[in-house]
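What follows is the content of input-v2.cif, which has mmCIF, C-alpha atoms and all ligand atoms:
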data_structure
#
loop_
_atom_site.label_atom_id
_atom_site.label_comp_id
_atom_site.auth_asym_id
_atom_site.auth_seq_id
_atom_site.Cartn_x
_atom_site.Cartn_y
_atom_site.Cartn_z
CA MET P 20 16.38 -44.88 -52.32
CA ILE P 21 16.24 -47.82 -49.94
CA SER P 22 12.85 -48.20 -48.28
CA PRO P 23 12.73 -47.99 -44.49
CA VAL P 24 9.86 -50.48 -44.44
CA TRP P 25 10.61 -53.76 -42.65
CA HIS P 26 8.34 -56.40 -44.18
CA PRO P 27 6.88 -59.44 -42.39
CA PHE P 28 8.20 -62.92 -43.27
CA THR P 29 10.63 -61.32 -45.72
CA GLN P 30 14.37 -61.94 -45.90
CA HIS P 31 15.56 -58.49 -46.91
CA GLY P 32 19.09 -59.86 -47.36
CA LEU P 33 18.11 -61.74 -50.52
CA GLY P 34 17.11 -58.62 -52.41
CA GLU P 35 13.97 -60.21 -53.80
CA PRO P 36 11.65 -57.78 -55.59
CA ILE P 37 8.89 -56.22 -53.51
CA PRO P 38 6.23 -55.18 -56.02
CA GLN P 39 4.21 -52.09 -55.22
CA VAL P 40 0.47 -52.41 -55.64
CA VAL P 41 -1.54 -49.27 -56.32
CA ARG P 42 -5.07 -50.55 -56.75
CA ALA P 43 -7.12 -53.70 -56.44
CA GLU P 44 -10.49 -54.88 -57.61
CA GLY P 45 -12.10 -58.30 -57.41
CA ALA P 46 -9.35 -60.89 -57.71
CA VAL P 47 -6.92 -58.55 -59.46
CA LEU P 48 -4.06 -56.42 -58.11
CA HIS P 49 -2.77 -53.53 -60.24
CA LEU P 50 0.95 -52.86 -59.89
CA ARG P 51 2.73 -49.54 -60.13
CA ASP P 52 4.43 -50.60 -63.34
CA GLY P 53 1.02 -51.12 -64.95
CA SER P 54 1.05 -54.92 -64.79
CA ARG P 55 -1.61 -57.02 -63.07
CA LEU P 56 -1.59 -59.98 -60.73
CA ILE P 57 -4.29 -62.47 -59.83
CA ASP P 58 -4.47 -62.61 -56.06
CA ALA P 59 -4.70 -66.40 -55.82
CA ILE P 60 -4.28 -66.49 -52.01
CA SER P 61 -6.69 -63.68 -51.12
CA SER P 62 -3.87 -61.47 -49.83
CA TRP P 63 -2.93 -63.95 -47.13
CA TRP P 64 -6.34 -65.55 -46.69
CA VAL P 65 -8.36 -62.46 -45.80
CA THR P 66 -10.11 -61.25 -48.96
CA THR P 67 -13.31 -63.25 -49.33
CA HIS P 68 -15.71 -61.55 -51.77
CA GLY P 69 -12.95 -59.77 -53.71
CA HIS P 70 -10.92 -56.60 -53.26
CA CYS P 71 -12.69 -53.28 -52.77
CA ASN P 72 -16.15 -54.82 -52.55
CA PRO P 73 -18.47 -51.84 -53.18
CA ARG P 74 -20.86 -52.59 -50.30
CA ILE P 75 -18.03 -52.88 -47.79
CA ALA P 76 -16.18 -49.84 -49.17
CA ALA P 77 -19.37 -47.74 -48.93
CA ALA P 78 -19.99 -48.84 -45.34
CA ILE P 79 -16.43 -47.88 -44.38
CA ALA P 80 -16.75 -44.47 -46.03
CA ALA P 81 -20.08 -43.72 -44.33
CA GLN P 82 -18.88 -44.81 -40.90
CA ALA P 83 -15.60 -42.87 -41.22
CA GLY P 84 -17.62 -39.66 -41.43
CA THR P 85 -19.97 -40.53 -38.55
CA LEU P 86 -18.12 -42.19 -35.68
CA ASP P 87 -14.59 -43.41 -36.24
CA GLN P 88 -13.30 -44.76 -32.95
CA LEU P 89 -14.60 -45.01 -29.42
CA ILE P 90 -13.23 -46.24 -26.11
CA PHE P 91 -14.96 -49.60 -25.74
CA ALA P 92 -14.57 -50.01 -21.97
CA GLY P 93 -17.91 -48.83 -20.65
CA TYR P 94 -19.13 -47.43 -24.00
CA THR P 95 -20.73 -49.00 -27.04
CA HIS P 96 -21.92 -48.20 -30.57
CA GLU P 97 -24.45 -49.64 -32.98
CA PRO P 98 -22.01 -51.21 -35.49
CA ALA P 99 -20.46 -53.30 -32.69
CA GLU P 100 -23.89 -54.25 -31.33
CA GLU P 101 -25.15 -55.16 -34.79
CA VAL P 102 -22.13 -57.31 -35.66
CA ALA P 103 -22.26 -59.09 -32.28
CA ARG P 104 -25.94 -59.95 -32.79
CA GLY P 105 -25.15 -61.10 -36.33
CA LEU P 106 -22.22 -63.27 -35.23
CA ILE P 107 -24.29 -64.98 -32.55
CA ASP P 108 -27.04 -65.50 -35.08
CA MET P 109 -24.71 -67.05 -37.69
CA ALA P 110 -22.46 -69.00 -35.30
CA PRO P 111 -22.49 -72.80 -35.44
CA ARG P 112 -25.22 -74.40 -33.34
CA ALA P 113 -26.28 -77.98 -32.70
CA PRO P 114 -29.07 -79.58 -30.70
CA GLY P 115 -28.21 -80.24 -27.07
CA GLN P 116 -25.04 -78.12 -27.14
CA PRO P 117 -24.63 -74.75 -25.38
CA GLU P 118 -24.77 -71.85 -27.83
CA LEU P 119 -22.08 -69.26 -28.41
CA ALA P 120 -23.69 -66.27 -26.72
CA HIS P 121 -21.05 -63.57 -26.11
CA VAL P 122 -18.69 -61.66 -28.40
CA PHE P 123 -15.38 -60.11 -27.36
CA TYR P 124 -13.75 -57.90 -29.97
CA SER P 125 -10.07 -57.47 -30.81
CA ASP P 126 -8.11 -56.65 -33.92
CA SER P 127 -6.26 -59.65 -35.36
CA GLY P 128 -6.41 -63.41 -35.46
CA SER P 129 -3.52 -63.57 -33.00
CA THR P 130 -5.28 -61.38 -30.47
CA ALA P 131 -8.54 -63.30 -30.93
CA VAL P 132 -6.66 -66.49 -30.06
CA GLU P 133 -4.84 -64.83 -27.13
CA VAL P 134 -8.23 -63.71 -25.84
CA ALA P 135 -9.57 -67.26 -26.23
CA LEU P 136 -6.67 -68.63 -24.15
CA LYS P 137 -7.10 -65.91 -21.52
CA MET P 138 -10.85 -66.62 -21.34
CA ALA P 139 -10.18 -70.33 -20.83
CA LEU P 140 -7.74 -69.76 -17.98
CA GLY P 141 -9.92 -66.99 -16.53
CA TYR P 142 -12.82 -69.43 -16.51
CA TRP P 143 -11.00 -72.04 -14.44
CA TYR P 144 -9.36 -69.43 -12.23
CA ASN P 145 -12.66 -67.79 -11.37
CA LEU P 146 -14.24 -71.19 -10.79
CA GLY P 147 -11.62 -71.87 -8.15
CA SER P 148 -9.49 -74.27 -10.21
CA PRO P 149 -6.39 -72.21 -11.04
CA GLU P 150 -4.41 -75.46 -11.38
CA ARG P 151 -6.22 -76.05 -14.66
CA HIS P 152 -3.96 -73.92 -16.83
CA ARG P 153 -2.43 -76.37 -19.28
CA ILE P 154 -3.36 -75.98 -22.95
CA LEU P 155 -3.53 -78.89 -25.39
CA VAL P 156 -2.70 -78.21 -29.02
CA MET P 157 -2.54 -80.17 -32.25
CA GLU P 158 0.76 -80.99 -33.94
CA HIS P 159 1.57 -78.71 -36.95
CA SER P 160 -0.83 -76.01 -35.73
CA TYR P 161 -0.55 -72.30 -36.36
CA HIS P 162 -2.45 -69.79 -34.24
CA GLY P 163 -0.52 -66.54 -34.69
CA ASP P 164 2.79 -64.80 -34.08
CA THR P 165 2.48 -63.28 -30.61
CA ILE P 166 4.28 -64.99 -27.72
CA GLY P 167 1.10 -66.70 -26.52
CA THR P 168 -0.06 -67.86 -29.93
CA MET P 169 3.44 -69.05 -30.86
CA SER P 170 3.36 -71.08 -27.65
CA VAL P 171 0.28 -72.97 -28.82
CA GLY P 172 1.62 -73.36 -32.37
CA ALA P 173 4.21 -75.67 -33.90
CA ARG P 174 7.80 -74.97 -32.87
CA GLY P 175 10.43 -74.51 -35.54
CA VAL P 176 12.68 -72.08 -37.37
CA TYR P 177 9.82 -69.55 -37.27
CA ASN P 178 9.97 -69.14 -33.50
CA ALA P 179 13.31 -70.63 -32.41
CA ALA P 180 14.65 -67.25 -31.22
CA TRP P 181 11.81 -66.92 -28.74
CA ALA P 182 11.69 -70.51 -27.52
CA PRO P 183 12.76 -69.45 -23.99
CA LEU P 184 9.63 -67.28 -23.73
CA LEU P 185 7.13 -69.85 -25.00
CA PHE P 186 5.04 -71.69 -22.43
CA ASP P 187 4.77 -75.44 -22.25
CA VAL P 188 1.78 -77.16 -23.88
CA GLY P 189 0.56 -80.71 -24.46
CA THR P 190 0.78 -81.72 -28.14
CA ILE P 191 -1.71 -84.13 -29.71
CA PRO P 192 -0.53 -85.85 -32.93
CA PHE P 193 -2.10 -84.69 -36.20
CA PRO P 194 -4.80 -87.18 -37.29
CA ALA P 195 -3.18 -88.31 -40.53
CA PRO P 196 -5.10 -91.21 -42.15
CA ASP P 197 -2.86 -93.79 -40.44
CA ALA P 198 -2.87 -91.96 -37.10
CA GLU P 199 -6.52 -91.11 -36.48
CA GLN P 200 -6.92 -93.41 -33.50
CA ALA P 201 -3.53 -92.40 -32.10
CA CYS P 202 -4.68 -88.78 -32.17
CA LEU P 203 -7.95 -89.53 -30.40
CA ASP P 204 -6.28 -91.80 -27.83
CA ALA P 205 -3.65 -89.14 -27.07
CA LEU P 206 -6.36 -86.51 -26.65
CA GLU P 207 -8.33 -88.79 -24.36
CA ALA P 208 -5.26 -89.46 -22.20
CA ALA P 209 -4.24 -85.80 -22.07
CA CYS P 210 -7.78 -84.67 -21.21
CA ALA P 211 -7.83 -87.05 -18.24
CA GLU P 212 -5.10 -84.90 -16.67
CA ARG P 213 -7.51 -81.96 -16.36
CA PRO P 214 -6.01 -79.38 -18.71
CA ALA P 215 -7.78 -76.03 -19.20
CA ALA P 216 -8.54 -76.36 -22.90
CA PHE P 217 -7.76 -77.93 -26.25
CA ILE P 218 -7.30 -75.51 -29.16
CA VAL P 219 -7.62 -76.69 -32.73
CA GLU P 220 -7.84 -75.44 -36.31
CA PRO P 221 -11.02 -77.10 -37.64
CA LEU P 222 -10.67 -79.34 -40.76
CA VAL P 223 -7.64 -77.52 -42.25
CA LEU P 224 -4.29 -76.69 -40.64
CA GLY P 225 -3.28 -73.64 -42.65
CA ALA P 226 0.28 -72.45 -42.14
CA GLY P 227 1.26 -75.97 -41.07
CA GLY P 228 0.96 -77.00 -44.73
CA MET P 229 -2.77 -77.01 -45.62
CA LEU P 230 -3.21 -80.36 -43.91
CA VAL P 231 -6.80 -81.59 -43.94
CA TYR P 232 -8.72 -84.02 -41.74
CA PRO P 233 -12.35 -85.12 -41.90
CA PRO P 234 -15.25 -83.52 -39.95
CA ARG P 235 -15.96 -86.78 -38.11
CA LEU P 236 -12.61 -86.44 -36.29
CA LEU P 237 -13.39 -82.86 -35.27
CA GLN P 238 -16.65 -84.17 -33.90
CA GLU P 239 -14.87 -86.90 -31.93
CA MET P 240 -12.34 -84.43 -30.53
CA ALA P 241 -15.16 -82.16 -29.35
CA ALA P 242 -16.90 -85.13 -27.74
CA ILE P 243 -13.76 -86.19 -25.89
CA CYS P 244 -13.29 -82.66 -24.54
CA ARG P 245 -16.94 -82.49 -23.46
CA ARG P 246 -16.68 -85.85 -21.66
CA HIS P 247 -13.68 -84.59 -19.69
CA ASP P 248 -15.02 -81.08 -19.10
CA VAL P 249 -12.09 -79.58 -21.06
CA LEU P 250 -12.87 -76.33 -22.90
CA PHE P 251 -12.91 -76.86 -26.67
CA ILE P 252 -11.46 -73.84 -28.47
CA VAL P 253 -11.76 -73.62 -32.22
CA ASP P 254 -9.57 -71.26 -34.24
CA GLU P 255 -11.73 -70.36 -37.27
CA VAL P 256 -9.45 -67.45 -38.20
CA MET P 257 -8.58 -69.00 -41.57
CA THR P 258 -11.39 -71.52 -42.04
CA GLY P 259 -14.20 -69.08 -41.23
CA TRP P 260 -16.23 -67.01 -43.70
CA GLY P 261 -16.85 -69.77 -46.20
CA ARG P 262 -13.33 -70.98 -46.89
CA THR P 263 -14.09 -74.66 -46.38
CA GLY P 264 -17.48 -74.54 -48.13
CA THR P 265 -19.63 -73.65 -45.12
CA LEU P 266 -19.67 -70.34 -43.27
CA PHE P 267 -17.69 -71.95 -40.44
CA ALA P 268 -15.84 -75.27 -40.70
CA CYS P 269 -17.37 -76.45 -37.40
CA GLU P 270 -20.78 -76.66 -39.07
CA GLN P 271 -19.62 -79.66 -41.12
CA ALA P 272 -18.96 -81.56 -37.91
CA GLY P 273 -22.10 -80.38 -36.11
CA VAL P 274 -19.80 -79.02 -33.43
CA VAL P 275 -20.34 -75.96 -31.26
CA PRO P 276 -17.06 -74.97 -29.60
CA ASP P 277 -16.96 -73.42 -26.14
CA ILE P 278 -14.81 -70.61 -27.49
CA MET P 279 -14.34 -69.63 -31.13
CA ALA P 280 -11.84 -67.17 -32.65
CA VAL P 281 -12.67 -65.39 -35.92
CA ALA P 282 -10.81 -62.68 -37.84
CA LYS P 283 -9.46 -62.49 -41.43
CA GLY P 284 -12.68 -62.57 -43.53
CA ILE P 285 -14.88 -60.98 -40.84
CA THR P 286 -14.73 -57.64 -42.70
CA GLY P 287 -14.50 -59.33 -46.09
CA GLY P 288 -10.77 -58.68 -45.73
CA ALA P 289 -10.97 -54.90 -45.99
CA ILE P 290 -9.88 -53.74 -42.55
CA PRO P 291 -8.61 -55.44 -39.37
CA LEU P 292 -11.13 -56.78 -36.88
CA ALA P 293 -11.39 -59.96 -34.85
CA ALA P 294 -13.80 -61.50 -32.41
CA THR P 295 -13.76 -64.25 -29.82
CA LEU P 296 -17.12 -65.89 -29.20
CA ALA P 297 -17.86 -67.73 -25.97
CA ILE P 298 -20.65 -69.83 -24.49
CA ALA P 299 -22.54 -68.36 -21.53
CA PRO P 300 -20.67 -70.28 -18.78
CA VAL P 301 -17.34 -68.77 -19.89
CA PHE P 302 -18.81 -65.25 -19.76
CA ASP P 303 -20.70 -65.96 -16.54
CA ALA P 304 -17.51 -67.07 -14.78
CA HIS P 305 -16.28 -63.48 -15.21
CA VAL P 306 -19.51 -61.86 -13.99
CA SER P 307 -19.60 -60.88 -10.35
CA THR P 308 -20.05 -57.91 -8.05
CA ASP P 309 -16.33 -58.42 -7.41
CA ARG P 310 -14.32 -56.17 -9.74
CA SER P 311 -11.26 -58.41 -9.55
CA ARG P 312 -13.06 -61.10 -11.58
CA LEU P 313 -13.65 -58.97 -14.67
CA PHE P 314 -11.96 -60.00 -17.92
CA TYR P 315 -8.68 -58.09 -17.97
CA HIS P 316 -8.06 -57.63 -21.66
CA SER P 317 -8.28 -54.65 -23.98
CA SER P 318 -6.58 -53.05 -26.92
CA SER P 319 -6.93 -49.40 -27.91
CA TYR P 320 -8.87 -50.18 -31.04
CA THR P 321 -11.22 -52.81 -29.57
CA ALA P 322 -14.35 -52.83 -31.77
CA ASN P 323 -13.20 -49.90 -33.90
CA ALA P 324 -16.41 -48.48 -35.35
CA ILE P 325 -15.14 -48.30 -38.95
CA ALA P 326 -14.02 -51.92 -38.81
CA CYS P 327 -17.34 -52.94 -37.26
CA ALA P 328 -19.23 -51.12 -40.03
CA ALA P 329 -17.21 -53.10 -42.59
CA ALA P 330 -18.05 -56.32 -40.72
CA ALA P 331 -21.74 -55.36 -40.63
CA ALA P 332 -21.65 -54.91 -44.42
CA ASN P 333 -19.95 -58.28 -44.77
CA LEU P 334 -22.64 -59.96 -42.65
CA ALA P 335 -25.30 -58.31 -44.82
CA ILE P 336 -23.61 -59.72 -47.93
CA TRP P 337 -23.68 -63.17 -46.34
CA ARG P 338 -27.37 -62.80 -45.47
CA GLU P 339 -28.53 -61.27 -48.74
CA GLU P 340 -26.32 -62.70 -51.48
CA ASP P 341 -25.80 -66.30 -52.52
CA VAL P 342 -22.24 -66.46 -51.20
CA ILE P 343 -22.51 -70.18 -50.44
CA GLY P 344 -23.61 -70.82 -54.04
CA ARG P 345 -20.66 -68.80 -55.35
CA ILE P 346 -18.30 -70.77 -53.11
CA ALA P 347 -19.78 -74.10 -54.22
CA ALA P 348 -19.31 -73.19 -57.90
CA LEU P 349 -15.73 -72.06 -57.28
CA ALA P 350 -15.00 -75.23 -55.27
CA ARG P 351 -16.31 -77.38 -58.14
CA GLY P 352 -14.13 -75.49 -60.62
CA ILE P 353 -11.12 -75.98 -58.39
CA GLY P 354 -11.91 -79.66 -57.83
CA THR P 355 -11.97 -80.68 -61.50
CA ARG P 356 -8.77 -78.78 -62.27
CA LEU P 357 -7.00 -80.14 -59.18
CA ALA P 358 -7.89 -83.72 -60.17
CA GLU P 359 -6.39 -83.05 -63.60
CA LEU P 360 -3.23 -81.52 -62.12
CA ALA P 361 -2.82 -84.45 -59.72
CA ARG P 362 -2.27 -86.79 -62.70
CA HIS P 363 1.00 -84.98 -63.39
CA PRO P 364 3.93 -87.06 -62.04
CA ALA P 365 5.51 -83.97 -60.46
CA PHE P 366 2.67 -83.68 -57.97
CA THR P 367 1.41 -85.73 -55.07
CA ASN P 368 -1.09 -85.56 -52.22
CA PRO P 369 -3.80 -83.30 -53.69
CA ARG P 370 -6.28 -82.07 -51.11
CA GLN P 371 -9.17 -79.68 -51.03
CA ALA P 372 -11.57 -78.18 -48.52
CA GLY P 373 -14.04 -75.86 -50.24
CA THR P 374 -12.09 -73.01 -51.84
CA ILE P 375 -8.77 -74.16 -50.40
CA ALA P 376 -6.73 -76.52 -52.58
CA ALA P 377 -3.19 -77.77 -52.02
CA ILE P 378 -0.81 -80.18 -53.70
CA ASP P 379 2.79 -81.16 -53.00
CA LEU P 380 5.49 -80.78 -55.58
CA VAL P 381 7.92 -83.70 -55.75
CA ALA P 382 11.13 -81.73 -56.06
CA THR P 383 14.37 -83.00 -57.57
CA ASP P 384 16.44 -83.07 -54.39
CA ALA P 385 16.17 -82.19 -50.75
CA GLY P 386 18.88 -79.52 -50.77
CA TYR P 387 16.98 -77.73 -53.46
CA LEU P 388 13.91 -77.79 -51.26
CA SER P 389 15.21 -75.07 -48.99
CA ASP P 390 14.87 -72.36 -51.61
CA LEU P 391 12.09 -73.98 -53.60
CA ALA P 392 9.35 -71.76 -52.15
CA PRO P 393 10.98 -68.43 -53.12
CA ARG P 394 11.83 -69.80 -56.58
CA LEU P 395 8.24 -70.85 -57.06
CA ARG P 396 7.07 -67.45 -55.84
CA ALA P 397 9.21 -65.71 -58.45
CA PHE P 398 8.08 -68.18 -61.12
CA PHE P 399 4.40 -67.42 -60.41
CA LEU P 400 5.02 -63.68 -60.17
CA GLU P 401 6.44 -63.74 -63.70
CA ARG P 402 3.21 -65.42 -64.80
CA GLY P 403 0.98 -62.79 -63.23
CA LEU P 404 0.06 -64.68 -60.09
CA LEU P 405 0.34 -63.90 -56.41
CA LEU P 406 1.04 -67.31 -54.88
CA ARG P 407 3.11 -68.10 -51.81
CA PRO P 408 3.93 -71.81 -51.50
CA LEU P 409 4.65 -73.33 -48.09
CA GLY P 410 7.87 -75.25 -48.75
CA ASN P 411 7.01 -77.70 -51.53
CA THR P 412 3.28 -77.35 -50.87
CA ILE P 413 1.57 -75.21 -53.48
CA TYR P 414 -1.87 -74.03 -52.48
CA ILE P 415 -4.51 -71.65 -53.70
CA MET P 416 -7.15 -69.84 -51.63
CA PRO P 417 -8.72 -67.35 -54.04
CA PRO P 418 -11.45 -64.76 -53.43
CA TYR P 419 -14.93 -66.05 -54.25
CA CYS P 420 -15.31 -63.72 -57.25
CA LEU P 421 -12.58 -65.55 -59.21
CA ASP P 422 -13.82 -66.47 -62.70
CA ALA P 423 -13.18 -69.58 -64.83
CA ASP P 424 -10.57 -67.86 -67.01
CA GLN P 425 -8.61 -66.76 -63.97
CA LEU P 426 -8.87 -70.27 -62.55
CA ASP P 427 -7.54 -71.69 -65.83
CA MET P 428 -4.63 -69.27 -65.73
CA ILE P 429 -3.75 -70.33 -62.20
CA PHE P 430 -3.86 -74.04 -62.98
CA ALA P 431 -1.88 -73.59 -66.21
CA ALA P 432 0.85 -71.93 -64.14
CA LEU P 433 0.72 -74.74 -61.55
CA ALA P 434 1.20 -77.32 -64.31
CA ALA P 435 4.07 -75.27 -65.73
CA ALA P 436 5.68 -75.19 -62.28
CA GLY P 437 5.45 -78.99 -62.19
CA GLU P 438 7.27 -79.17 -65.53
CA ARG P 439 9.92 -76.71 -64.46
CA PHE P 440 10.61 -77.75 -60.86
CA GLY P 441 9.26 -81.29 -60.52
CA ALA P 442 11.45 -84.36 -60.25
CA GLN P 443 12.13 -86.01 -63.60
CA PRO P 444 10.97 -89.64 -63.58
C1 LIG P 501 -3.73 -66.14 -39.79
C2 LIG P 501 -4.06 -67.01 -38.65
C3 LIG P 501 -3.97 -66.54 -37.33
C4 LIG P 501 -3.40 -65.21 -36.98
O1 LIG P 501 -4.16 -64.16 -37.49
P1 LIG P 501 -3.50 -62.72 -37.66
O2 LIG P 501 -4.64 -61.83 -38.04
O3 LIG P 501 -2.47 -62.87 -38.74
O4 LIG P 501 -2.89 -62.36 -36.35
C5 LIG P 501 -4.41 -67.38 -36.32
N1 LIG P 501 -4.89 -68.60 -36.58
C6 LIG P 501 -4.98 -69.09 -37.83
C7 LIG P 501 -5.56 -70.44 -38.05
C8 LIG P 501 -4.57 -68.32 -38.91
O5 LIG P 501 -4.61 -68.81 -40.14
#

How does the structure come out when it is put into structure tokens?
Ligand SMILES: *Cc1c(COP(=O)(O)O)cnc(C)c1O
Amino acid sequence: MISPVWHPFTQHGLGEPIPQVVRAEGAVLHLRDGSRLIDAISSWWVTTHGHCNPRIAAAIAAQAGTLDQLIFAGYTHEPAEEVARGLIDMAPRAPGQPELAHVFYSDSGSTAVEVALKMALGYWYNLGSPERHRILVMEHSYHGDTIGTMSVGARGVYNAAWAPLLFDVGTIPFPAPDAEQACLDALEAACAERPAAFIVEPLVLGAGGMLVYPPRLLQEMAAICRRHDVLFIVDEVMTGWGRTGTLFACEQAGVVPDIMAVAKGITGGAIPLAATLAIAPVFDAHVSTDRSRLFYHSSSYTANAIACAAAAANLAIWREEDVIGRIAALARGIGTRLAELARHPAFTNPRQAGTIAAIDLVATDAGYLSDLAPRLRAFFLERGLLLRPLGNTIYIMPPYCLDADQLDMIFAALAAAGERFGAQP
């Protein structure tokens, strides 16, 4: 029977297999046919400690039998309070910079970014500067798939159908090694025109191709925004929760954003939840005895109690276990293997940020490139790996519980892909 399920980012017309997964533990997915896959991209960048982490699963089970869901307008519950306190406690801070002090919950990375944009415009609007509504973005960015987040992301085949609905933004060039100053100069010039905010993915642009740039540039971008009184929004949806080696990528630059979006790994990847953190002035701009100035945003499941309980368990894991040590060991293991792989003539441009590693495959011809990603996907699936290349960019982003044997298996398959699909010298 043909399934009625319509899958995301899936071309159903190609009839590619859609494996059914029945169980998962750690870094391993168990398929209905009895075979196993290593989840080398953490099920689309969300699973941090591993699938079905016992502490998180237990917290979900306990909460599900106590308080499942509550209207969050005018009501609250302890899991939400606890996670908010924890997030503020763990958020990036730096001397002389205002601290992130308020937490607004939502349920996906896209909504967390939408909320960030709405907060930024609400801030200027309530301060009496409604003309400050323009958003600056970085070239090649990805911030989600809703109309608003597509507007602040790169334009292309992914959103061409909705181009008429997307709002206009100012685009700052990506700071590639030969374009660092051009990026900073463009930001400086654009900030002088009094936009509302600049939104950026810190250190790694994910869906845009796992493009990396150094912390010092993030620091300079934040400084430019501060000088021009432009809100600095950081999208830590992918980079947060240890992905780049520190809990949040901003820490490596000593930067405290004015608004920060987090999601994906906030529950360890078990259940949807997102949060947008803001500094006090952004919150305060919405505080008044005038009801019309309140922050008009909500979704039915805002701060769902079960999701918050999962997040509370995740925060406890971060506080009580040596997650950073685990990440450092994994990053070292990835680093040595990536350096080895990069010597293969089929590969170029290796890059790594913590547990994220990417490398570009030099394919035989450009025409071939169009269906290279699905071919690679099938190739890796046959070898027991869940990998999802972005064009000719192959990347891994495994859960932190991945062991050395699993890492070897992944890199052996990457080398085999180079042999099979790489350009012949
Ligand atoms: C995944 C992602 C989003 C969107 O998150 P969803 O939970 O998929 O809506 C936003 N920003 C970045 C940087 C992401 O990687």

Q. Near Leu222 (chain P), counting only C-alpha atoms, which residues have an atom at most 10 Å away, once you skip same-chain residues fewer than 3 positions from it, shown as a VMD selection string?
A. chain P and resid 219 225 229 to 237 255 258 263 268 to 269 271 to 272 372

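Relative to CA of Asp108 (chain P), CA of Leu421 (chain P) is found at 28.1 Å.
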
Please, what is the axis-aligned box for every listed atom of ligand LIG 501 (chain P) with 4 Å on each side, as centre and edge lengths in Å to one decimal, as AutoDock Vina command-line options?
--center_x -4.0 --center_y -66.1 --center_z -38.2 --size_x 11.1 --size_y 16.6 --size_z 11.8

Q | Residues near Ala293 (chain P), cut-off 10 Å, all atoms listed in the file, skip fewer than 6 positions along chain, as a ChimeraX atom specification | A | /P:122-132,256,280-286,321-322,326-327,330

Using only C-alpha atoms, which residues of region 377-422 of chain P come within 8 Å of region 364-370 of chain P, and what is the closest atom pair for each, with the distance in Å to one decimal? Give it as CSV, sorted by chain and residue number.
residue,atom,partner,partner_atom,distance
P:Ala377,CA,P:Arg370,CA,5.4
P:Ile378,CA,P:Pro369,CA,4.3
P:Asp379,CA,P:Thr367,CA,5.2
P:Leu380,CA,P:Phe366,CA,4.7
P:Val381,CA,P:Ala365,CA,5.3
P:Ala382,CA,P:Ala365,CA,7.5

For the residues selected in the previous step, produce a file with C-alpha atoms as a PDB file, in the frame of the given file.
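Saved to again_7.pdb:
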ATOM      1  CA  ALA P 377      -3.190 -77.770 -52.020  1.00  0.00           C
ATOM      2  CA  ILE P 378      -0.810 -80.180 -53.700  1.00  0.00           C
ATOM      3  CA  ASP P 379       2.790 -81.160 -53.000  1.00  0.00           C
ATOM      4  CA  LEU P 380       5.490 -80.780 -55.580  1.00  0.00           C
ATOM      5  CA  VAL P 381       7.920 -83.700 -55.750  1.00  0.00           C
ATOM      6  CA  ALA P 382      11.130 -81.730 -56.060  1.00  0.00           C
TER       7      ALA P 382
END

Q.
as a list in words, please: the residues near Ile218 (chain P) (cut-off 9 Å, all atoms listed in the file, same-chain neighbours under 3 positions excluded).
A. Leu136, Ile154, Leu155, Val156, Met157, Val171, Leu250, Phe251, Ile252, Val253 and Asp254 of chain P

Q: Within 9 Å of Leu391 (chain P), counting all atoms listed in the file, which residues show up once you throw out same-chain ones fewer than 4 positions away? Write them as a list in words, please.
A: Ala382, Tyr387, Leu395, Arg396, Pro408, Gly410, Asn411 and Phe440 of chain P

Q) Using all atoms listed in the file, which of the listed residues (P:Gly437, P:Pro73, P:Gly175, P:Gly259) sits closest to ligand LIG 501 (chain P)? A)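 Looking only at the distances to ligand LIG 501 (chain P), the closest residue turns out to be P:Gly259.
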
(Q) So the first atom is CA of Thr168 (chain P) and the second is CA of Leu184 (chain P); what is the distance between them in Å, to one decimal place? (A)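 It comes out at 11.5 Å.
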
Q: Tell me, in Å to one decimal, how far CA of Ile75 (chain P) is from CA of Ser317 (chain P).
A: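 About the pair CA of Ile75 (chain P) and CA of Ser317 (chain P): they are 25.8 Å apart.
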
Q: Find the residue from P:His162, P:His31, P:Arg338, P:His316 that sits nearest to ligand LIG 501 (chain P); use only C-alpha atoms and all ligand atoms when measuring.
A: P:His162
